[in-house]
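For reference, entry07.txt (compact mmCIF, C-alpha atoms and all ligand atoms):
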# COMPACT_ATOMS: atom_id res chain seq x y z
CA MET A 978 -15.17 10.52 19.04
CA THR A 979 -18.71 10.20 17.65
CA SER A 980 -21.14 7.73 19.24
CA GLN A 981 -20.67 5.40 16.25
CA GLN A 982 -16.89 5.51 16.56
CA LYS A 983 -17.23 4.70 20.29
CA LYS A 984 -19.61 1.84 19.49
CA ILE A 985 -17.14 0.34 17.00
CA ARG A 986 -14.29 0.62 19.50
CA LYS A 987 -16.45 -1.22 22.07
CA MET A 988 -17.36 -3.94 19.56
CA LEU A 989 -13.66 -4.38 18.78
CA ALA A 990 -12.84 -4.70 22.50
CA ASP A 991 -15.68 -7.20 23.07
CA LYS A 992 -14.50 -9.40 20.21
CA ASP A 993 -10.78 -9.12 20.97
CA GLY A 994 -10.35 -7.38 17.66
CA ILE A 995 -8.14 -4.66 16.22
CA LEU A 996 -8.70 -2.27 13.34
CA LEU A 997 -5.84 -1.89 10.88
CA ALA A 998 -6.20 1.09 8.54
CA HIS A 999 -4.23 2.38 5.57
CA PHE A 1000 -3.48 6.10 5.21
CA TYR A 1001 -5.74 6.27 2.14
CA VAL A 1002 -9.01 5.36 3.89
CA ARG A 1003 -11.58 7.91 5.08
CA PRO A 1004 -10.37 10.18 7.95
CA GLU A 1005 -13.18 9.07 10.31
CA VAL A 1006 -11.98 5.47 9.89
CA GLN A 1007 -8.30 6.43 10.32
CA GLU A 1008 -9.22 8.18 13.60
CA ILE A 1009 -10.30 4.97 15.36
CA ALA A 1010 -7.65 2.60 14.02
CA ASP A 1011 -5.39 0.63 16.37
CA VAL A 1012 -2.72 0.79 13.71
CA LEU A 1013 -2.65 3.37 10.94
CA GLY A 1014 0.15 2.66 8.52
CA ASP A 1015 1.55 1.93 5.11
CA SER A 1016 1.23 -1.51 3.57
CA LEU A 1017 4.46 -2.79 5.19
CA VAL A 1018 3.50 -1.65 8.70
CA LEU A 1019 0.02 -3.17 8.27
CA ALA A 1020 1.44 -6.52 7.13
CA GLN A 1021 3.89 -6.52 10.06
CA SER A 1022 1.08 -5.65 12.49
CA ALA A 1023 -1.14 -8.42 11.13
CA ALA A 1024 1.68 -10.92 11.58
CA SER A 1025 2.59 -9.85 15.13
CA SER A 1026 -0.79 -9.03 16.71
CA ASP A 1027 -2.28 -11.29 19.38
CA ALA A 1028 -5.86 -10.22 18.61
CA LYS A 1029 -8.40 -12.85 17.57
CA VAL A 1030 -10.05 -10.65 14.95
CA ILE A 1031 -8.49 -8.22 12.48
CA VAL A 1032 -10.76 -5.74 10.74
CA PHE A 1033 -8.95 -4.46 7.68
CA ALA A 1034 -9.70 -0.94 6.49
CA GLY A 1035 -7.77 -1.22 3.26
CA VAL A 1036 -8.08 -3.16 0.03
CA HIS A 1037 -8.46 -6.85 -0.74
CA PHE A 1038 -4.79 -7.80 -1.24
CA MET A 1039 -3.95 -6.33 2.19
CA ALA A 1040 -6.61 -8.43 3.92
CA GLN A 1041 -5.43 -11.49 1.97
CA SER A 1042 -1.87 -10.92 3.20
CA ALA A 1043 -3.17 -10.64 6.78
CA ALA A 1044 -5.08 -13.92 6.32
CA MET A 1045 -1.95 -15.69 5.07
CA LEU A 1046 0.33 -14.24 7.74
CA SER A 1047 -2.15 -15.00 10.54
CA PRO A 1048 -4.23 -18.01 9.52
CA GLN A 1049 -5.49 -18.55 13.10
CA LYS A 1050 -7.19 -15.12 13.16
CA THR A 1051 -10.49 -14.04 11.66
CA ILE A 1052 -9.80 -11.40 9.00
CA LEU A 1053 -12.72 -9.15 8.13
CA LEU A 1054 -12.74 -6.86 5.09
CA PRO A 1055 -15.85 -4.69 5.62
CA ARG A 1056 -16.22 -4.14 1.87
CA VAL A 1057 -15.23 -7.24 -0.06
CA ASP A 1058 -15.43 -5.21 -3.29
CA ALA A 1059 -12.61 -2.89 -2.18
CA GLY A 1060 -10.06 -4.14 -4.69
CA CYS A 1061 -6.87 -2.80 -6.22
CA PRO A 1062 -6.83 -2.41 -10.01
CA LEU A 1063 -3.01 -2.60 -9.95
CA ALA A 1064 -3.10 -5.98 -8.20
CA ASP A 1065 -5.49 -7.24 -10.89
CA MET A 1066 -2.98 -6.40 -13.65
CA ALA A 1067 -1.00 -9.61 -13.09
CA ASP A 1068 -2.47 -13.11 -13.07
CA ALA A 1069 -0.85 -16.37 -11.98
CA ALA A 1070 -0.94 -18.03 -15.43
CA SER A 1071 0.94 -15.11 -17.05
CA VAL A 1072 3.53 -15.14 -14.24
CA ARG A 1073 4.02 -18.91 -14.71
CA LYS A 1074 4.51 -18.35 -18.45
CA MET A 1075 7.08 -15.63 -17.81
CA ARG A 1076 8.91 -17.88 -15.35
CA MET A 1077 9.41 -20.36 -18.21
CA GLU A 1078 10.82 -17.56 -20.38
CA GLU A 1079 13.06 -16.23 -17.58
CA PRO A 1080 14.09 -19.35 -15.66
CA ASP A 1081 17.10 -17.69 -14.00
CA ALA A 1082 15.34 -14.57 -12.77
CA VAL A 1083 14.16 -13.83 -9.24
CA PHE A 1084 10.45 -12.95 -9.29
CA MET A 1085 9.77 -10.12 -6.88
CA SER A 1086 6.15 -9.19 -6.43
CA TYR A 1087 4.90 -5.95 -4.99
CA VAL A 1088 2.44 -6.68 -2.16
CA ASN A 1089 -0.18 -5.01 -4.37
CA SER A 1090 -0.76 -8.39 -6.04
CA THR A 1091 -3.15 -11.29 -5.60
CA ALA A 1092 -2.34 -14.24 -3.34
CA GLU A 1093 -2.13 -16.42 -6.49
CA VAL A 1094 0.56 -14.16 -7.97
CA LYS A 1095 2.48 -14.05 -4.68
CA ALA A 1096 2.38 -17.86 -4.68
CA GLU A 1097 4.25 -17.81 -8.02
CA SER A 1098 6.86 -15.34 -6.69
CA ASP A 1099 10.14 -15.75 -4.83
CA ILE A 1100 9.90 -12.68 -2.63
CA CYS A 1101 7.54 -9.77 -1.99
CA CYS A 1102 8.25 -6.09 -1.46
CA THR A 1103 6.35 -2.94 -0.60
CA SER A 1104 7.04 0.60 -1.72
CA SER A 1105 8.93 1.23 1.53
CA ASN A 1106 11.32 -1.72 1.33
CA ALA A 1107 11.75 -2.40 -2.42
CA LEU A 1108 15.28 -0.92 -2.51
CA LYS A 1109 16.31 -2.80 0.63
CA ILE A 1110 14.92 -6.09 -0.68
CA ILE A 1111 16.61 -5.79 -4.07
CA ASN A 1112 19.94 -5.25 -2.31
CA THR A 1113 19.55 -8.61 -0.56
CA LEU A 1114 19.56 -10.37 -3.96
CA PRO A 1115 22.91 -11.39 -5.55
CA PRO A 1116 24.29 -8.38 -7.53
CA GLY A 1117 24.33 -9.95 -11.01
CA LYS A 1118 20.95 -11.62 -10.63
CA LYS A 1119 18.22 -10.71 -13.10
CA VAL A 1120 14.97 -9.67 -11.39
CA VAL A 1121 11.40 -9.57 -12.68
CA MET A 1122 9.37 -6.99 -10.74
CA LEU A 1123 5.61 -7.13 -10.90
CA PRO A 1124 2.97 -5.85 -11.28
CA ASP A 1125 3.95 -2.15 -11.00
CA GLY A 1126 6.15 -0.96 -13.88
CA ASN A 1127 6.68 2.49 -12.35
CA LEU A 1128 8.01 1.09 -9.06
CA ALA A 1129 10.28 -1.25 -11.05
CA ARG A 1130 11.66 1.61 -13.16
CA HIS A 1131 12.23 3.66 -10.01
CA VAL A 1132 14.23 0.80 -8.48
CA VAL A 1133 16.30 0.55 -11.71
CA SER A 1134 16.99 4.29 -11.66
CA VAL A 1135 18.28 4.16 -8.07
CA THR A 1136 20.15 0.83 -8.12
CA GLY A 1137 21.14 0.33 -11.78
CA ARG A 1138 20.01 -3.31 -11.45
CA GLN A 1139 18.91 -5.44 -14.36
CA ILE A 1140 15.15 -5.55 -13.87
CA ILE A 1141 12.38 -6.66 -16.19
CA ALA A 1142 9.35 -4.50 -15.42
CA TRP A 1143 5.84 -5.92 -15.67
CA GLU A 1144 3.65 -3.36 -17.40
CA GLY A 1145 1.05 -2.75 -14.69
CA CYS A 1146 0.31 0.56 -13.02
CA CYS A 1147 -1.87 2.13 -10.36
CA PRO A 1148 -4.48 4.15 -12.27
CA VAL A 1149 -4.64 6.68 -9.42
CA HIS A 1150 -0.92 7.52 -9.35
CA GLN A 1151 -0.58 7.15 -13.13
CA ALA A 1152 -3.11 9.99 -13.51
CA LEU A 1153 -0.65 12.50 -12.02
CA THR A 1154 1.16 14.34 -14.83
CA VAL A 1155 4.21 16.58 -15.19
CA GLU A 1156 1.82 19.42 -16.10
CA ASP A 1157 -0.02 18.97 -12.76
CA VAL A 1158 3.23 19.16 -10.80
CA GLU A 1159 4.53 22.12 -12.80
CA ALA A 1160 1.27 23.99 -12.17
CA CYS A 1161 1.68 23.42 -8.40
CA LYS A 1162 5.32 24.51 -8.57
CA ARG A 1163 4.34 27.73 -10.35
CA LYS A 1164 1.87 28.51 -7.58
CA TYR A 1165 4.15 27.36 -4.72
CA PRO A 1166 7.70 27.86 -6.08
CA GLN A 1167 9.39 27.16 -2.72
CA ALA A 1168 7.47 23.95 -2.01
CA PRO A 1169 9.31 20.62 -2.27
CA PHE A 1170 7.47 17.81 -4.05
CA ALA A 1171 7.14 14.38 -2.40
CA ALA A 1172 5.89 11.53 -4.59
CA HIS A 1173 4.97 7.86 -4.29
CA PRO A 1174 7.02 5.50 -6.51
CA GLU A 1175 3.81 4.35 -8.23
CA CYS A 1176 3.88 7.70 -10.11
CA ARG A 1177 5.17 7.87 -13.68
CA GLN A 1178 8.92 8.22 -14.23
CA ASP A 1179 8.70 11.74 -15.70
CA VAL A 1180 6.77 12.83 -12.59
CA LEU A 1181 9.26 11.16 -10.23
CA ALA A 1182 12.07 13.02 -12.00
CA LEU A 1183 10.60 16.25 -10.55
CA ALA A 1184 10.39 14.93 -6.99
CA ASP A 1185 12.50 16.00 -4.02
CA LEU A 1186 11.53 12.78 -2.28
CA VAL A 1187 10.31 9.49 -3.73
CA GLY A 1188 8.93 7.17 -1.08
CA SER A 1189 6.11 5.17 0.42
CA THR A 1190 3.27 6.83 2.29
CA SER A 1191 5.28 6.51 5.55
CA ALA A 1192 8.37 8.04 3.91
CA ILE A 1193 6.29 10.95 2.60
CA ILE A 1194 4.89 11.52 6.10
CA ARG A 1195 8.40 11.47 7.59
CA PHE A 1196 9.70 13.86 4.94
CA ALA A 1197 6.80 16.29 5.45
CA HIS A 1198 7.47 16.29 9.18
CA GLU A 1199 11.24 16.79 8.90
CA THR A 1200 11.48 19.34 6.09
CA LYS A 1201 11.96 22.99 7.03
CA ALA A 1202 9.56 23.95 4.21
CA ASN A 1203 6.12 25.17 5.24
CA GLU A 1204 4.41 24.20 1.98
CA ILE A 1205 4.79 20.70 0.52
CA ILE A 1206 3.33 19.33 -2.72
CA ILE A 1207 2.01 15.80 -2.16
CA GLY A 1208 2.10 13.27 -4.99
CA THR A 1209 0.06 10.45 -3.56
CA GLU A 1210 -3.51 9.56 -2.63
CA GLU A 1211 -5.34 12.37 -0.82
CA GLY A 1212 -6.23 10.29 2.27
CA ILE A 1213 -2.71 10.91 3.57
CA LEU A 1214 -3.54 14.62 4.01
CA ALA A 1215 -5.53 13.97 7.22
CA GLU A 1216 -2.47 12.45 8.90
CA LEU A 1217 -0.16 15.17 7.55
CA GLN A 1218 -2.39 18.01 8.76
CA LYS A 1219 -2.95 16.40 12.16
CA HIS A 1220 0.77 16.24 12.97
CA ASN A 1221 1.94 19.39 11.17
CA PRO A 1222 -0.70 22.06 11.89
CA GLY A 1223 1.60 24.91 10.82
CA LYS A 1224 2.30 23.49 7.36
CA THR A 1225 0.30 23.57 4.14
CA PHE A 1226 -0.02 20.42 2.05
CA ILE A 1227 -0.90 20.79 -1.60
CA PRO A 1228 -2.40 17.77 -3.38
CA ALA A 1229 -0.51 17.57 -6.69
CA SER A 1230 -3.73 16.70 -8.54
CA PRO A 1231 -7.44 16.37 -7.71
CA ALA A 1232 -7.29 12.98 -9.48
CA LEU A 1233 -5.33 11.42 -6.60
CA VAL A 1234 -8.32 9.60 -5.08
CA CYS A 1235 -8.49 5.81 -4.76
CA ILE A 1236 -12.19 4.97 -4.92
CA ASP A 1237 -11.54 1.47 -3.56
CA MET A 1238 -9.87 2.73 -0.40
CA LYS A 1239 -12.75 5.17 0.08
CA LYS A 1240 -15.40 2.43 -0.04
CA ILE A 1241 -15.01 1.45 3.62
CA THR A 1242 -17.30 3.55 5.82
CA LEU A 1243 -17.97 3.41 9.56
CA ASP A 1244 -21.35 1.79 8.73
CA ASP A 1245 -19.53 -1.00 6.86
CA ILE A 1246 -17.17 -1.60 9.79
CA GLU A 1247 -20.04 -1.69 12.28
CA ARG A 1248 -22.02 -4.14 10.10
CA SER A 1249 -18.96 -6.29 9.57
CA LEU A 1250 -18.30 -6.57 13.31
CA ASP A 1251 -21.97 -7.26 13.93
CA THR A 1252 -22.24 -10.08 11.36
CA MET A 1253 -18.56 -11.15 11.47
CA GLN A 1254 -18.61 -11.04 7.66
CA PRO A 1255 -17.11 -10.85 5.05
CA VAL A 1256 -14.29 -13.13 6.19
CA ILE A 1257 -11.23 -13.21 3.93
CA THR A 1258 -9.57 -16.59 3.50
CA VAL A 1259 -7.03 -17.96 1.03
CA PRO A 1260 -6.93 -21.61 -0.15
CA ARG A 1261 -4.30 -23.48 1.86
CA ASP A 1262 -1.95 -24.47 -1.01
CA ILE A 1263 -1.86 -20.90 -2.36
CA ALA A 1264 -1.48 -19.43 1.12
CA LEU A 1265 1.47 -21.70 1.94
CA ALA A 1266 3.37 -20.75 -1.22
CA ALA A 1267 2.50 -17.04 -1.01
CA LYS A 1268 3.41 -16.86 2.68
CA LYS A 1269 6.95 -18.00 1.84
CA ALA A 1270 7.38 -14.92 -0.38
CA LEU A 1271 5.83 -12.67 2.29
CA ASP A 1272 7.94 -14.19 5.07
CA ARG A 1273 11.12 -13.68 3.04
CA MET A 1274 10.20 -10.02 2.75
CA LEU A 1275 9.39 -9.63 6.46
CA GLU A 1276 12.66 -11.34 7.46
CA VAL A 1277 14.69 -8.63 5.78
CA SER A 1278 12.41 -5.65 6.57
P1 LIG A 1301 2.21 2.06 0.59
O1 LIG A 1301 3.14 0.91 0.37
O2 LIG A 1301 2.92 3.37 0.61
O3 LIG A 1301 1.33 1.83 1.74
O4 LIG A 1301 1.26 2.15 -0.69
C1 LIG A 1301 0.28 1.19 -0.94
C2 LIG A 1301 -0.55 1.56 -2.06
O5 LIG A 1301 -1.55 0.97 -2.34
C3 LIG A 1301 -0.12 2.70 -2.85
O6 LIG A 1301 -1.04 2.98 -3.83
FE1 LIG A 1302 -4.32 0.07 -5.66
FE2 LIG A 1302 -3.60 2.47 -6.54
FE3 LIG A 1302 -5.63 2.26 -4.84
FE4 LIG A 1302 -3.11 1.82 -4.02
S1 LIG A 1302 -3.98 3.74 -4.75
S2 LIG A 1302 -4.89 0.55 -3.55
S3 LIG A 1302 -2.25 0.83 -5.86
S4 LIG A 1302 -5.54 1.45 -6.94

I'd like the structure from this file rewritten - as structure tokens, please.
Ligand code: 13P
Ligand code: SF4
Amino acid sequence: MTSQQKKIRKMLADKDGILLAHFYVRPEVQEIADVLGDSLVLAQSAASSDAKVIVFAGVHFMAQSAAMLSPQKTILLPRVDAGCPLADMADAASVRKMRMEEPDAVFMSYVNSTAEVKAESDICCTSSNALKIINTLPPGKKVVMLPDGNLARHVVSVTGRQIIAWEGCCPVHQALTVEDVEACKRKYPQAPFAAHPECRQDVLALADLVGSTSAIIRFAHETKANEIIIGTEEGILAELQKHNPGKTFIPASPALVCIDMKKITLDDIERSLDTMQPVITVPRDIALAAKKALDRMLEVS
């Protein structure tokens, strides 16, 4: 551990704080996290932790979810400008309008959404539990899934359910093309391809595994293959290499970099703990409604 990493760990201990980090953040931040996980694990950890302070090394919607799940804790997001362009592709007014057009549908929002959009939704999901959550809904029930169209189409392809897909996408995963994957496969013909469900449908059709960041990590660990093509954000490579030193991981494209996740540096975390800013809060009425959708998800996860 560097002296700065040690200093941050001490500041966390002094303030009864924990650091939650997503697999996409910088490796030096991942290294000192109390919990390193996918968005579901991080939401569960925020809800169950006894710490007084949660420092979130992730993006804004994740810190908002932590604030709603644990209103008694102080939630710090070291870079308040670390957003998620996918989350910004749905707004509450448009969801309300669609609810009028589809009064019988269940509105299922991906956690990559704003608190306002969650407040207009019936239930949330993450990439690791979307299939499980959809199976808890009555079989004939129409579902609107938002804001990620690719995740929605993936759920349709696996379950055959009647789903209306909101036309949002993650610009990072959307940038991965069939040509990129085919080029990797030409170079590494034996390598299986693991992809995140935020990728385009034609890309997912080439995948040996479609799953969340945690599912990709599990697959990479369990497969007998020594070379694996990775179709998600490059931050996951640090965790993959750490636990599988004998294997080679091939990023499916150099475009798989989320600049928002990369914003949070050790300097930002140190400053945030020093100043106890920026604190993420959600207005009470929105938080109450959004928490219902989050709680419904956590109950069945
Ligand atoms: P996970 O649900 O796999 O953590 O993914 C979150 C995310 O932001 C993917 O781009
Ligand atoms: Fe949002 Fe995509 Fe970045 Fe995930 S990778 S935080 S969905 S922009």

Can I get the residues of chain A within 6 Å of ligand LIG 1301 (chain A), each with the closest pair of atoms and their distance in Å to one decimal, using only C-alpha atoms and all ligand atoms, sorted chain first then ascending number, as JSON lines?
{"residue": "A:Asp1015", "atom": "CA", "partner": "A:LIG1301", "partner_atom": "O3", "distance": 3.4}
{"residue": "A:Ser1016", "atom": "CA", "partner": "A:LIG1301", "partner_atom": "O3", "distance": 3.8}
{"residue": "A:Thr1103", "atom": "CA", "partner": "A:LIG1301", "partner_atom": "O1", "distance": 5.1}
{"residue": "A:Ser1104", "atom": "CA", "partner": "A:LIG1301", "partner_atom": "O1", "distance": 4.4}
{"residue": "A:Ser1105", "atom": "CA", "partner": "A:LIG1301", "partner_atom": "O1", "distance": 5.9}
{"residue": "A:Ser1189", "atom": "CA", "partner": "A:LIG1301", "partner_atom": "O2", "distance": 3.7}
{"residue": "A:Thr1190", "atom": "CA", "partner": "A:LIG1301", "partner_atom": "O2", "distance": 3.9}

From the list A:Val1158, A:Cys1102, A:Leu1063, A:Ala1171, which residue is nearest A:Leu1271 when using all atoms listed in the file?
->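 Ranking A:Val1158, A:Cys1102, A:Leu1063, A:Ala1171 by distance to A:Leu1271, first place goes to A:Cys1102.
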
Using only C-alpha atoms and all ligand atoms, which residues of chain A come within 6 Å of ligand LIG 1302 (chain A), and what is the closest atom pair for each, with the distance in Å to one decimal? Give it as CSV, sorted by chain and residue number.
residue,atom,partner,partner_atom,distance
A:Cys1061,CA,A:LIG1302,FE1,3.9
A:Pro1062,CA,A:LIG1302,S4,5.1
A:Leu1063,CA,A:LIG1302,FE1,5.2
A:Cys1147,CA,A:LIG1302,FE2,4.2
A:Val1149,CA,A:LIG1302,FE2,5.2
A:Cys1235,CA,A:LIG1302,FE3,4.6

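Between A:Leu1217 and the residues A:Ala1020, A:Ile1205, A:Ala1168, A:Ala1064, the shortest atom-to-atom distance, using all atoms listed in the file, involves A:Ile1205.
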
Pick out the closest residue to A:Phe1226 from this set: A:Cys1161, A:Lys1269, A:Lys1239, A:Lys987. Count all atoms listed in the file.
->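 Among A:Cys1161, A:Lys1269, A:Lys1239, A:Lys987, it is A:Cys1161 that comes nearest to A:Phe1226.
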
Length of the atom CA of A:Ala1267 to atom CA of A:Ile1140 vector [Å] |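 Separating atom CA of A:Ala1267 from atom CA of A:Ile1140 is a distance of 21.4 Å.
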
Quick one: everything within 9 Å of A:Met988, counting all atoms listed in the file, minus sequence neighbours fewer than 5 positions away in the same chain. Send it as JSON, numbers by chain.
-> {"A": [983, 993, 994, 1247, 1250, 1251]}

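Residue nearest A:Ile1100 within the list A:Thr1113, A:Lys1162, A:Leu1265, A:Phe1084: A:Phe1084 [criterion: smallest interatomic distance, all atoms listed in the file].
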
In Å, rounded to a single decimal, give me how far atom CA of A:His1150 is from atom CA of A:Glu1216.
->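 Separation of atom CA of A:Glu1216 and atom CA of A:His1150: 19.0 Å.
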
Between atom CA of A:Glu1093 and atom CA of A:Ala1172 - distance in Å to one decimal =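 Between these atoms lies a distance of 29.1 Å.
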
Which of these residues is nearest to A:Pro1148, using all atoms listed in the file: A:Pro1174, A:Gly1117, A:Asn1089, A:Leu1233?
->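 Closest residue, counting all atoms listed in the file: A:Leu1233.
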
Residue list as a PDB file with C-alpha atoms, keeping the file's coordinate frame for point (-4.9, 16.2, 6.7), cut-off 12 Å, only C-alpha atoms:
ATOM      1  CA  PHE A1000      -3.480   6.100   5.210  1.00  0.00           C
ATOM      2  CA  TYR A1001      -5.740   6.270   2.140  1.00  0.00           C
ATOM      3  CA  VAL A1002      -9.010   5.360   3.890  1.00  0.00           C
ATOM      4  CA  ARG A1003     -11.580   7.910   5.080  1.00  0.00           C
ATOM      5  CA  PRO A1004     -10.370  10.180   7.950  1.00  0.00           C
ATOM      6  CA  GLU A1005     -13.180   9.070  10.310  1.00  0.00           C
ATOM      7  CA  GLN A1007      -8.300   6.430  10.320  1.00  0.00           C
ATOM      8  CA  GLU A1008      -9.220   8.180  13.600  1.00  0.00           C
ATOM      9  CA  ILE A1194       4.890  11.520   6.100  1.00  0.00           C
ATOM     10  CA  ALA A1197       6.800  16.290   5.450  1.00  0.00           C
ATOM     11  CA  ILE A1207       2.010  15.800  -2.160  1.00  0.00           C
ATOM     12  CA  GLU A1210      -3.510   9.560  -2.630  1.00  0.00           C
ATOM     13  CA  GLU A1211      -5.340  12.370  -0.820  1.00  0.00           C
ATOM     14  CA  GLY A1212      -6.230  10.290   2.270  1.00  0.00           C
ATOM     15  CA  ILE A1213      -2.710  10.910   3.570  1.00  0.00           C
ATOM     16  CA  LEU A1214      -3.540  14.620   4.010  1.00  0.00           C
ATOM     17  CA  ALA A1215      -5.530  13.970   7.220  1.00  0.00           C
ATOM     18  CA  GLU A1216      -2.470  12.450   8.900  1.00  0.00           C
ATOM     19  CA  LEU A1217      -0.160  15.170   7.550  1.00  0.00           C
ATOM     20  CA  GLN A1218      -2.390  18.010   8.760  1.00  0.00           C
ATOM     21  CA  LYS A1219      -2.950  16.400  12.160  1.00  0.00           C
ATOM     22  CA  HIS A1220       0.770  16.240  12.970  1.00  0.00           C
ATOM     23  CA  ASN A1221       1.940  19.390  11.170  1.00  0.00           C
ATOM     24  CA  PRO A1222      -0.700  22.060  11.890  1.00  0.00           C
ATOM     25  CA  GLY A1223       1.600  24.910  10.820  1.00  0.00           C
ATOM     26  CA  LYS A1224       2.300  23.490   7.360  1.00  0.00           C
ATOM     27  CA  THR A1225       0.300  23.570   4.140  1.00  0.00           C
ATOM     28  CA  PHE A1226      -0.020  20.420   2.050  1.00  0.00           C
ATOM     29  CA  ILE A1227      -0.900  20.790  -1.600  1.00  0.00           C
ATOM     30  CA  PRO A1228      -2.400  17.770  -3.380  1.00  0.00           C
TER      31      PRO A1228
END

What lies within 10 Å of A:Pro1116 using only C-alpha atoms, ignoring chain neighbours under 4 positions off, as a PyMOL selection string?
-> chain A and resi 1111-1112+1138-1139

Create the file for the chosen residues now, containing C-alpha atoms and written as a PDB file, keeping the file's coordinate frame.
ATOM      1  CA  ILE A1111      16.610  -5.790  -4.070  1.00  0.00           C
ATOM      2  CA  ASN A1112      19.940  -5.250  -2.310  1.00  0.00           C
ATOM      3  CA  ARG A1138      20.010  -3.310 -11.450  1.00  0.00           C
ATOM      4  CA  GLN A1139      18.910  -5.440 -14.360  1.00  0.00           C
TER       5      GLN A1139
END

From A:Leu997, A:Val1072, A:Val1187, A:Ala1142, residue lying nearest A:Met1039 [only C-alpha atoms] =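 Smallest distance to A:Met1039 is found for A:Leu997.
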
Exercise: A:Val1259 partners within 7 Å, only C-alpha atoms, chain neighbours under 3 positions left out, as an MDAnalysis selection string | chainID A and resid 1041 1044:1045 1263:1264

Within 12 Å of (12.2, 26.8, 8.0), all atoms listed in the file: residues as a PyMOL selection string?
-> chain A and resi 1167-1168+1198-1204+1223-1224

Could you name the residues that touch A:Asp1125 at 6 Å or less, counting only C-alpha atoms, but leaving out those on the same chain fewer than 3 positions away, as a PyMOL selection string?
-> chain A and resi 1128+1145-1146

Go ahead and dump the residues you just picked, C-alpha atoms, as a JSON list (two decimals), in the frame of the given file.
[["chain", "number", "residue", "atom", "x", "y", "z"],
["A", 1128, "LEU", "CA", 8.01, 1.09, -9.06],
["A", 1145, "GLY", "CA", 1.05, -2.75, -14.69],
["A", 1146, "CYS", "CA", 0.31, 0.56, -13.02]]

With a distance cut-off of 8 Å and all atoms listed in the file, select the neighbouring residues of A:Ile1052, excluding the residue or stretch itself and same-chain residues fewer than 6 positions from it, and output the selection as a list in words.
->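 These residues fall inside the cut-off: Val1030, Ile1031, Val1032, Phe1033, Ala1040, Ala1043, Ala1044, Val1256, Ile1257 and Thr1258 of chain A.
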